[in-house]
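Take a look at the structure below.
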Amino acid sequence: MVVDAYLAFLEKLRHRRGLDLGGYKRPQMERRINSLMRMVGAKDYDDYLLILEKDQEQWHKFLDTITINVSEFYRNPPQWEVLIKTIIPMLIENVGVRFRAWSAGCSTGEEPYTLAMVLDHNFPQLNYSILATDIDEDALAKARVGEYSERSLAGLPQIYIKKYFEVENGIYRLKDSIKKKVQFKKHNLLRDPFESGFDLILCRNVVIYFTEESKNELYRKFHQSLKPGGVLFIGSTEQIFEAQEIGFELVTSFFYQKRMDRNSKSFLPGSKPFLSR
Ligand SMILES: C[S@@+](CC[C@H](N)C(=O)[O-])C[C@H]1O[C@@H](n2cnc3c(N)ncnc32)[C@H](O)[C@@H]1O
């Protein structure tokens with residue numbers, strides 16, 4: 001029997017390091033891993049695995065390469081504007097005691113902190129909490145510190161920068177009033193159990209290397225995690241092909257709402273469904 005070296009490597013990774021790359025697209029992963037292997041002079045996958053086990057720096061480099069943490073504040077501004085002007089006012093009508101949001105694949109914190117600033121500034125009466133998760137502990141550690149360079153803030157309107165950051169030697173430090181609104185946690189979207197009861201879930205620019213099968217599974221799980229009428233906000237190059245079957249309605253590009261009732265297809269009372277794309 002011919003052994004598929006890549007699959008055998010994945011199996012050992014899963015077994016020995018608890019990391020399951022089975023849900024990621026093979027060509028992209030293979031290319032990146034092979035390039036890392038060349039850089040450290042690994043002869044084959046087993047050799048590379050030994051290096052990863054001995055050398056923490058290489059392990060972190062490996063994780064960095066497969067996850068790609070690029071993020072920025074207020075990424076894709078027009079979508080944040082739709083969120084502020086349309087989606088959140090619509091969701092607020094349905095909020096219970098507290099508005100709960102989840103930034104899934106939050107990287108170094110720019111996305112959940114943007115949401116916290118947006119909520120704080122535009123909806124000051126709202127009682128809200130934000131869960132922010134990522135598979136990458138290094139990214140989460142940076143997120144918790146809450147210090148950023150000017151570059152990552154380039155798209156953020158000045159009003160938020162002035163109100164929520166302190167600047168010192170070119171470092172932009174987020175104020176505690178915003179930091180304390182976000183709870184960061186390690187979480188693997190392809191493996192760990194999901195919390196539920198969310199009004200809003202953001203999962204943007206995360207699934208790019210996921211297989212179609214794992215994307216579908218993920219969107220189904222997000223659907224279960226949302227409250228009826230809750231909204232899933234996805235990235236600007238993404239689309240949910242099975243939205244209807246899962247039980248989502250497209251509100252406007254990149255925003256999918258969980259149907260109040262799967263059979264009646266009704267929306268939130270007073271909301272404006274089906275904004276034109
Ligand atoms: C490009 S960043 C996106 C950050 C942010 N959502 C944004 O749009 O700016 C992708 C993030 O997804 C995370 N990620 C990749 N696979 C994941 C998984 N299986 N579970 C949780 N997070 C994952 C990566 O660690 C990375 O931080």
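Letters A, B, ... mark the chains of the structure tokens in the order given; residue numbers begin at 1 per chain; ligand numbers begin at 1, in order shown.
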
All residues having an atom within 7 Å of ligand 1 (only C-alpha atoms and all ligand atoms) as a list of chain:residue names: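 Result of the 7 Å neighbour search around ligand 1: A:Thr67, A:Ile68, A:Asn69, A:Val70, A:Ser71, A:Glu72, A:Arg75, A:Ala104, A:Gly105, A:Cys106, A:Ser107, A:Thr108, A:Glu110, A:Glu111, A:Thr133, A:Asp134, A:Ile135, A:Asp136, A:Ala139, A:His187, A:Asn188, A:Leu189, A:Leu190, A:Cys203, A:Arg204, A:Asn205, A:Val206, A:Gly235.
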
So that I can check the secondary structure, give me every residue of range 53-238 of chain A assigned strand (DSSP E or B) by backbone DSSP, as a ChimeraX atom specification. /A:99-104,128-134,147-148,165-168,171-174,182-186,198-203,210,226-234

Could you name the residues that touch Tyr160 in chain A at 10 Å or less, counting only C-alpha atoms, but leaving out those on the same chain fewer than 3 positions away, as an NGL selection string? :A and (114 or 117-118 or 120-121 or 153 or 156-157 or 163-165)

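The protein and nucleic acid residues lying at most 10 Å from range 82-86 of chain A are Pro77, Pro78, Gln79, Pro89, Met90, Leu91, Leu115, Val118, Leu119, Asn122, Phe123, Phe233, Val251, Thr252, Ser253, Phe254, Phe255, Ser271, Lys272 and Leu275 of chain A, with only C-alpha atoms considered and sequence neighbours fewer than 3 positions away removed.
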
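Note that the spacing between CA of Ile92 in chain A and CA of Glu238 in chain A amounts to 25.4 Å.
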
Length of the CA of Glu212 in chain A to CA of Ile240 in chain A vector [Å]: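 One can read the CA of Glu212 in chain A to CA of Ile240 in chain A distance as 10.2 Å.
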
Close residues, range 223-227 of chain A itself excluded, 10 Å, only C-alpha atoms, min 2 positions apart in chain, as a PyMOL selection string: chain A and resi 94-95+100-102+194-201+217-221+229-232+243+246-248+256-260
